[in-house]
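This report concerns only the one structure given below.
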Amino acid sequence: MSYTLGILDQSPIIEGATNEQTLQKTVALAQRAEQLGYSRFWVSEHHNTDSLAGTSPEVLVSYLLAKTKTINIGSGGVMLQHYSPYKVAENFHVLASLEPGRIDLGIGKAPGGLPLSTKALQYGTLNNGEDFEERLTFLQQIIEQSIPKEHELYGIQATPIPKKKPTLFLLGASPESAALAGKLGIAFVFARFINSDNNVLAQAATTYRSHQPNGHFAISIAALAAPSKEEAKELIGDQKITKVHLASGRSLTLQSVELAEKFGQESGEEYTVEQYEADILYGTSEEIKAILDDYHEQYQVDEFILHTPILKDFERERSFELLGPVHLQQKEAVS
């Protein structure tokens, strides 16, 4: 294939599993992803929720690194508005020193939870995310050891300095995020499972390539493969994407109408809640690969990060197996 495939796992709590069981399933999936030939395995950051167990990607990443051997492991992503860029760099420098060449540092702008969890995360230092570009720029400068002399923190180092730096990615769902990644010269991942508007995707791809013709452009996409298209469609069911739109202009994606309403109430702003059809690719492995091939050609995609939002263990793992690079390459060779 002319592109690579990775996995985003949010550690969903499936079929009454405990938190302990859920996190061990994430470990097992990372190990299976390595066997299946996936390029990278990412874990997410979601706070104060009883439906996902992934709250601390940097901690989970360290454990996954110890349980795997070759696959890249990373965050999808660290929500930088909550944290010191310096501390984030220290965390990932330690990881990169332990496992050189295998560390991905994906950075996101979303809060990763409701306003109450944001207040708890930023206890005493509330931040609304408006300085995100400044934070991301500083994080990049720390990692690349390129802090300008006029910066108030010139001379600071995030030790230990690894021989192989963590690879920095910006995660986003807009042309503005693509422009920022392009301007900074870092890899960009368009979150299509959050924003499935292909017109916006096209704008983001064009914007990024205008800054970085040879940069790394990826799409994180919702997909489910099954032995037949009919079964895949049935497994997806009537899934929706729920968004809360705040009076300040921000829009955020939540897991349910109830959470979206709660977010709006806790925000203290006027708000509206809307639901949209979830645009999930479904079908056989051949059918989904044909769609990915088309996206690759149309948007110059270097990599797809697969997100599979169904709450069934066997069918979810089977989908990753059917879409595994080793499996797809074998089918390519036969055909």
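A note on labels: chains of the structure tokens are A, B, ... as shown, every chain counts residues from 1, and ligands are counted from 1 in their shown order.
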Neighbouring residues of Val88 of chain A were defined as those with any atom within 9 Å, considering only C-alpha atoms; residues of the same chain fewer than 6 positions away were excluded. Please report them as JSON, numbers by chain. {"A": [58, 78, 80, 139]}
Expected file contents, prior selection, C-alpha atoms, as a compact mmCIF listing (two decimals), in the first residue's frame:
```txt
# COMPACT_ATOMS: atom_id res chain seq x y z
CA GLU A 58 1.20 9.54 28.99
CA VAL A 78 -2.53 15.27 25.11
CA LEU A 80 -2.35 20.98 25.91
CA LEU A 139 6.42 22.82 23.22
```
Give one line per residue of segment 156-242 of chain A that approaches segment 292-303 of chain A to at most 7 Å, naming the two atoms of the closest pair and their distance in Å to one decimal, counting only C-alpha atoms; sort by chain then ascending residue number and deliver it as CSV.
```
residue,atom,partner,partner_atom,distance
A:Ala202,CA,A:Tyr299,CA,6.6
A:Ala205,CA,A:Tyr299,CA,6.0
A:His216,CA,A:Asp302,CA,6.1
A:Phe217,CA,A:Val301,CA,5.5
A:Ala218,CA,A:Glu303,CA,4.6
A:Ile219,CA,A:Glu303,CA,6.5
```
For Lys229 of chain A, work out the shell of residues within 10 Å, counting only C-alpha atoms and skipping chain neighbours fewer than 6 positions away, then give it as a PyMOL selection string. chain A and resi 235+282-285+287-288
Since we have the selection now, will you write its residues out, keeping N, CA and C atoms, as a short mmCIF file (atom, residue, chain, number, x, y, z; two decimals), in the first residue's frame?
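Once written, again.cif looks like this:
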```cif
data_model
loop_
_atom_site.label_atom_id
_atom_site.label_comp_id
_atom_site.auth_asym_id
_atom_site.auth_seq_id
_atom_site.Cartn_x
_atom_site.Cartn_y
_atom_site.Cartn_z
N LEU A 235 -24.12 -3.76 12.49
CA LEU A 235 -23.32 -3.50 13.69
C LEU A 235 -23.25 -2.01 14.02
N TYR A 282 -18.13 1.58 6.38
CA TYR A 282 -18.44 0.20 6.74
C TYR A 282 -18.47 -0.66 5.48
N GLY A 283 -18.21 -1.94 5.69
CA GLY A 283 -18.21 -2.88 4.57
C GLY A 283 -17.19 -3.96 4.78
N THR A 284 -16.87 -4.68 3.71
CA THR A 284 -15.80 -5.67 3.77
C THR A 284 -14.46 -4.96 3.76
N SER A 285 -13.40 -5.69 4.04
CA SER A 285 -12.07 -5.07 4.02
C SER A 285 -11.75 -4.51 2.64
N GLU A 287 -13.89 -3.37 0.40
CA GLU A 287 -14.69 -2.16 0.16
C GLU A 287 -14.12 -0.96 0.89
N ILE A 288 -13.72 -1.17 2.13
CA ILE A 288 -13.15 -0.05 2.89
C ILE A 288 -11.79 0.35 2.33
#
```
For a test of reading the model, state the distance in Å between atom CA of Glu258 of chain A and atom CA of Ile194 of chain A, rounded to one decimal.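 Computing the Euclidean distance for atom CA of Glu258 of chain A and atom CA of Ile194 of chain A yields 17.8 Å.
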From segment 84-325 of chain A, collect each residue whose DSSP state is helix (DSSP H, G or I) and return the set as a ChimeraX atom specification. /A:85-98,115-121,132-144,175-184,198-211,229-236,257-267,285-299,313-322,325
Picked from segment 65-118 of chain A by DSSP as strand (DSSP E or B), as a VMD selection string: chain A and resid 72 to 79 103 to 108
File dump, residues just selected, N, CA and C atoms, as a compact mmCIF listing (two decimals), in the first residue's frame:
```txt
# COMPACT_ATOMS: atom_id res chain seq x y z
N ASN A 72 4.97 1.96 16.98
CA ASN A 72 4.98 3.29 17.60
C ASN A 72 3.77 3.42 18.52
N ILE A 73 3.99 4.01 19.68
CA ILE A 73 2.94 4.21 20.67
C ILE A 73 2.86 5.70 20.98
N GLY A 74 1.63 6.21 21.09
CA GLY A 74 1.53 7.64 21.34
C GLY A 74 0.19 8.10 21.86
N SER A 75 0.10 9.40 22.00
CA SER A 75 -1.10 10.05 22.53
C SER A 75 -1.94 10.58 21.39
N GLY A 76 -3.24 10.37 21.49
CA GLY A 76 -4.14 10.88 20.47
C GLY A 76 -5.32 11.62 21.06
N GLY A 77 -5.08 12.70 21.84
CA GLY A 77 -3.79 13.28 22.15
C GLY A 77 -3.76 13.83 23.56
N VAL A 78 -2.64 14.52 23.87
CA VAL A 78 -2.53 15.27 25.11
C VAL A 78 -3.22 16.62 24.91
N MET A 79 -4.15 16.97 25.81
CA MET A 79 -4.91 18.21 25.67
C MET A 79 -4.13 19.36 26.31
N ILE A 103 8.13 6.85 19.91
CA ILE A 103 7.24 7.73 20.68
C ILE A 103 6.58 8.78 19.79
N ASP A 104 5.24 8.80 19.82
CA ASP A 104 4.46 9.82 19.13
C ASP A 104 3.81 10.73 20.16
N LEU A 105 3.95 12.03 19.96
CA LEU A 105 3.32 13.01 20.84
C LEU A 105 2.25 13.75 20.06
N GLY A 106 1.02 13.22 20.12
CA GLY A 106 -0.11 13.88 19.48
C GLY A 106 -0.71 14.89 20.44
N ILE A 107 -0.95 16.11 19.94
CA ILE A 107 -1.46 17.20 20.76
C ILE A 107 -2.84 17.60 20.26
N GLY A 108 -3.79 17.74 21.21
CA GLY A 108 -5.14 18.16 20.87
C GLY A 108 -5.50 19.45 21.57
```
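The space separating atom CA of Gln35 of chain A from atom CA of Ile14 of chain A comes to 23.1 Å.
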Which residues come within 12 Å of Leu65 of chain A, counting only C-alpha atoms, excluding same-chain residues fewer than 6 positions away, as an NGL selection string? :A and (27 or 30-31 or 34 or 40-43 or 57-59 or 71-75 or 95-104)
Output N, CA and C atoms for every residue in that selection, as a PDB file, in the first residue's frame.
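Writing the result to again.pdb gives the following:
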```pdb
ATOM      1  N   VAL A  27      -4.269  -2.986  26.183  1.00  0.00           N
ATOM      2  CA  VAL A  27      -2.931  -3.590  26.082  1.00  0.00           C
ATOM      3  C   VAL A  27      -2.937  -4.709  25.048  1.00  0.00           C
ATOM      4  N   ALA A  30      -3.136  -3.364  21.504  1.00  0.00           N
ATOM      5  CA  ALA A  30      -1.860  -2.815  21.042  1.00  0.00           C
ATOM      6  C   ALA A  30      -0.922  -3.937  20.596  1.00  0.00           C
ATOM      7  N   GLN A  31      -0.876  -4.999  21.368  1.00  0.00           N
ATOM      8  CA  GLN A  31      -0.030  -6.148  20.996  1.00  0.00           C
ATOM      9  C   GLN A  31      -0.508  -6.787  19.698  1.00  0.00           C
ATOM     10  N   GLU A  34       0.408  -4.636  16.671  1.00  0.00           N
ATOM     11  CA  GLU A  34       1.811  -4.840  16.295  1.00  0.00           C
ATOM     12  C   GLU A  34       1.942  -6.055  15.383  1.00  0.00           C
ATOM     13  N   ARG A  40       1.190   2.517  14.035  1.00  0.00           N
ATOM     14  CA  ARG A  40       1.191   3.156  15.358  1.00  0.00           C
ATOM     15  C   ARG A  40      -0.110   2.852  16.088  1.00  0.00           C
ATOM     16  N   PHE A  41      -0.051   3.004  17.397  1.00  0.00           N
ATOM     17  CA  PHE A  41      -1.195   2.754  18.267  1.00  0.00           C
ATOM     18  C   PHE A  41      -1.298   3.914  19.239  1.00  0.00           C
ATOM     19  N   TRP A  42      -2.420   4.632  19.180  1.00  0.00           N
ATOM     20  CA  TRP A  42      -2.594   5.822  20.002  1.00  0.00           C
ATOM     21  C   TRP A  42      -3.717   5.642  21.014  1.00  0.00           C
ATOM     22  N   VAL A  43      -3.561   6.293  22.151  1.00  0.00           N
ATOM     23  CA  VAL A  43      -4.597   6.300  23.180  1.00  0.00           C
ATOM     24  C   VAL A  43      -4.997   7.747  23.463  1.00  0.00           C
ATOM     25  N   PRO A  57      -3.089   9.612  28.902  1.00  0.00           N
ATOM     26  CA  PRO A  57      -2.361   8.935  27.824  1.00  0.00           C
ATOM     27  C   PRO A  57      -0.880   8.733  28.107  1.00  0.00           C
ATOM     28  N   GLU A  58      -0.230   9.703  28.767  1.00  0.00           N
ATOM     29  CA  GLU A  58       1.203   9.541  28.990  1.00  0.00           C
ATOM     30  C   GLU A  58       1.521   8.358  29.895  1.00  0.00           C
ATOM     31  N   VAL A  59       0.637   8.084  30.856  1.00  0.00           N
ATOM     32  CA  VAL A  59       0.836   6.925  31.735  1.00  0.00           C
ATOM     33  C   VAL A  59       0.557   5.632  30.974  1.00  0.00           C
ATOM     34  N   ILE A  71       6.043  -1.437  17.479  1.00  0.00           N
ATOM     35  CA  ILE A  71       5.053  -0.485  17.011  1.00  0.00           C
ATOM     36  C   ILE A  71       5.217   0.869  17.702  1.00  0.00           C
ATOM     37  N   ASN A  72       4.971   1.960  16.979  1.00  0.00           N
ATOM     38  CA  ASN A  72       4.979   3.286  17.597  1.00  0.00           C
ATOM     39  C   ASN A  72       3.768   3.420  18.520  1.00  0.00           C
ATOM     40  N   ILE A  73       3.993   4.009  19.683  1.00  0.00           N
ATOM     41  CA  ILE A  73       2.937   4.208  20.674  1.00  0.00           C
ATOM     42  C   ILE A  73       2.855   5.704  20.976  1.00  0.00           C
ATOM     43  N   GLY A  74       1.628   6.206  21.094  1.00  0.00           N
ATOM     44  CA  GLY A  74       1.532   7.642  21.340  1.00  0.00           C
ATOM     45  C   GLY A  74       0.195   8.098  21.859  1.00  0.00           C
ATOM     46  N   SER A  75       0.096   9.401  22.001  1.00  0.00           N
ATOM     47  CA  SER A  75      -1.101  10.049  22.530  1.00  0.00           C
ATOM     48  C   SER A  75      -1.941  10.581  21.386  1.00  0.00           C
ATOM     49  N   LEU A  95      10.020   9.073  28.007  1.00  0.00           N
ATOM     50  CA  LEU A  95       9.555   7.945  27.204  1.00  0.00           C
ATOM     51  C   LEU A  95      10.461   7.700  26.003  1.00  0.00           C
ATOM     52  N   ALA A  96      10.863   8.786  25.333  1.00  0.00           N
ATOM     53  CA  ALA A  96      11.717   8.664  24.150  1.00  0.00           C
ATOM     54  C   ALA A  96      13.114   8.175  24.508  1.00  0.00           C
ATOM     55  N   SER A  97      13.542   8.428  25.731  1.00  0.00           N
ATOM     56  CA  SER A  97      14.835   7.920  26.179  1.00  0.00           C
ATOM     57  C   SER A  97      14.753   6.429  26.520  1.00  0.00           C
ATOM     58  N   LEU A  98      13.590   5.992  26.969  1.00  0.00           N
ATOM     59  CA  LEU A  98      13.386   4.577  27.288  1.00  0.00           C
ATOM     60  C   LEU A  98      13.184   3.735  26.035  1.00  0.00           C
ATOM     61  N   GLU A  99      12.466   4.279  25.048  1.00  0.00           N
ATOM     62  CA  GLU A  99      12.144   3.539  23.823  1.00  0.00           C
ATOM     63  C   GLU A  99      12.412   4.430  22.607  1.00  0.00           C
ATOM     64  N   PRO A 100      13.667   4.634  22.242  1.00  0.00           N
ATOM     65  CA  PRO A 100      14.000   5.556  21.150  1.00  0.00           C
ATOM     66  C   PRO A 100      13.330   5.176  19.838  1.00  0.00           C
ATOM     67  N   GLY A 101      12.752   6.192  19.177  1.00  0.00           N
ATOM     68  CA  GLY A 101      12.178   5.986  17.861  1.00  0.00           C
ATOM     69  C   GLY A 101      10.765   5.449  17.833  1.00  0.00           C
ATOM     70  N   ARG A 102      10.159   5.262  19.005  1.00  0.00           N
ATOM     71  CA  ARG A 102       8.808   4.667  19.043  1.00  0.00           C
ATOM     72  C   ARG A 102       7.760   5.604  19.640  1.00  0.00           C
ATOM     73  N   ILE A 103       8.125   6.852  19.914  1.00  0.00           N
ATOM     74  CA  ILE A 103       7.241   7.730  20.681  1.00  0.00           C
ATOM     75  C   ILE A 103       6.581   8.778  19.791  1.00  0.00           C
ATOM     76  N   ASP A 104       5.244   8.801  19.824  1.00  0.00           N
ATOM     77  CA  ASP A 104       4.455   9.819  19.126  1.00  0.00           C
ATOM     78  C   ASP A 104       3.807  10.730  20.159  1.00  0.00           C
TER      79      ASP A 104
END
```
Using only C-alpha atoms, which of the listed residues (A:Gln141, A:Thr308, A:Thr242, A:Gln10) sits closest to Leu224 of chain A?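 Checking each of A:Gln141, A:Thr308, A:Thr242, A:Gln10 against Leu224 of chain A, counting only C-alpha atoms, the winner is A:Thr308.
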Smallest atom-to-atom distance to Thr167 of chain A: which of A:Ala89, A:Leu126, A:Ile241, A:Ala226, using only C-alpha atoms? A:Ala89
List the spatial neighbours of Ser220 of chain A as a PyMOL selection string - criterion: any atom at most 9 Å away, only C-alpha atoms, same-chain residues fewer than 2 positions off excluded. chain A and resi 6-8+171+189-194+218+222+303-307
A:Gly54, A:Gly215, A:Pro115, A:Gly37 ranked by distance to Ala178 of chain A, top pick (using only C-alpha atoms): A:Gly215
What's around segment 323-334 of chain A at 8 Å? Count only C-alpha atoms, leave out sequence neighbours fewer than 2 positions away in its own chain, and write the answer as a PyMOL selection string. chain A and resi 1+4-5+33+36-38+225+285-286+289+319-321
Between A:Ile142, A:Ile186, A:Thr26, A:Arg250, which residue has the minimum interatomic distance to Ile156 of chain A, considering only C-alpha atoms?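 When distances to Ile156 of chain A are compared using only C-alpha atoms, the smallest one comes from A:Ile142.
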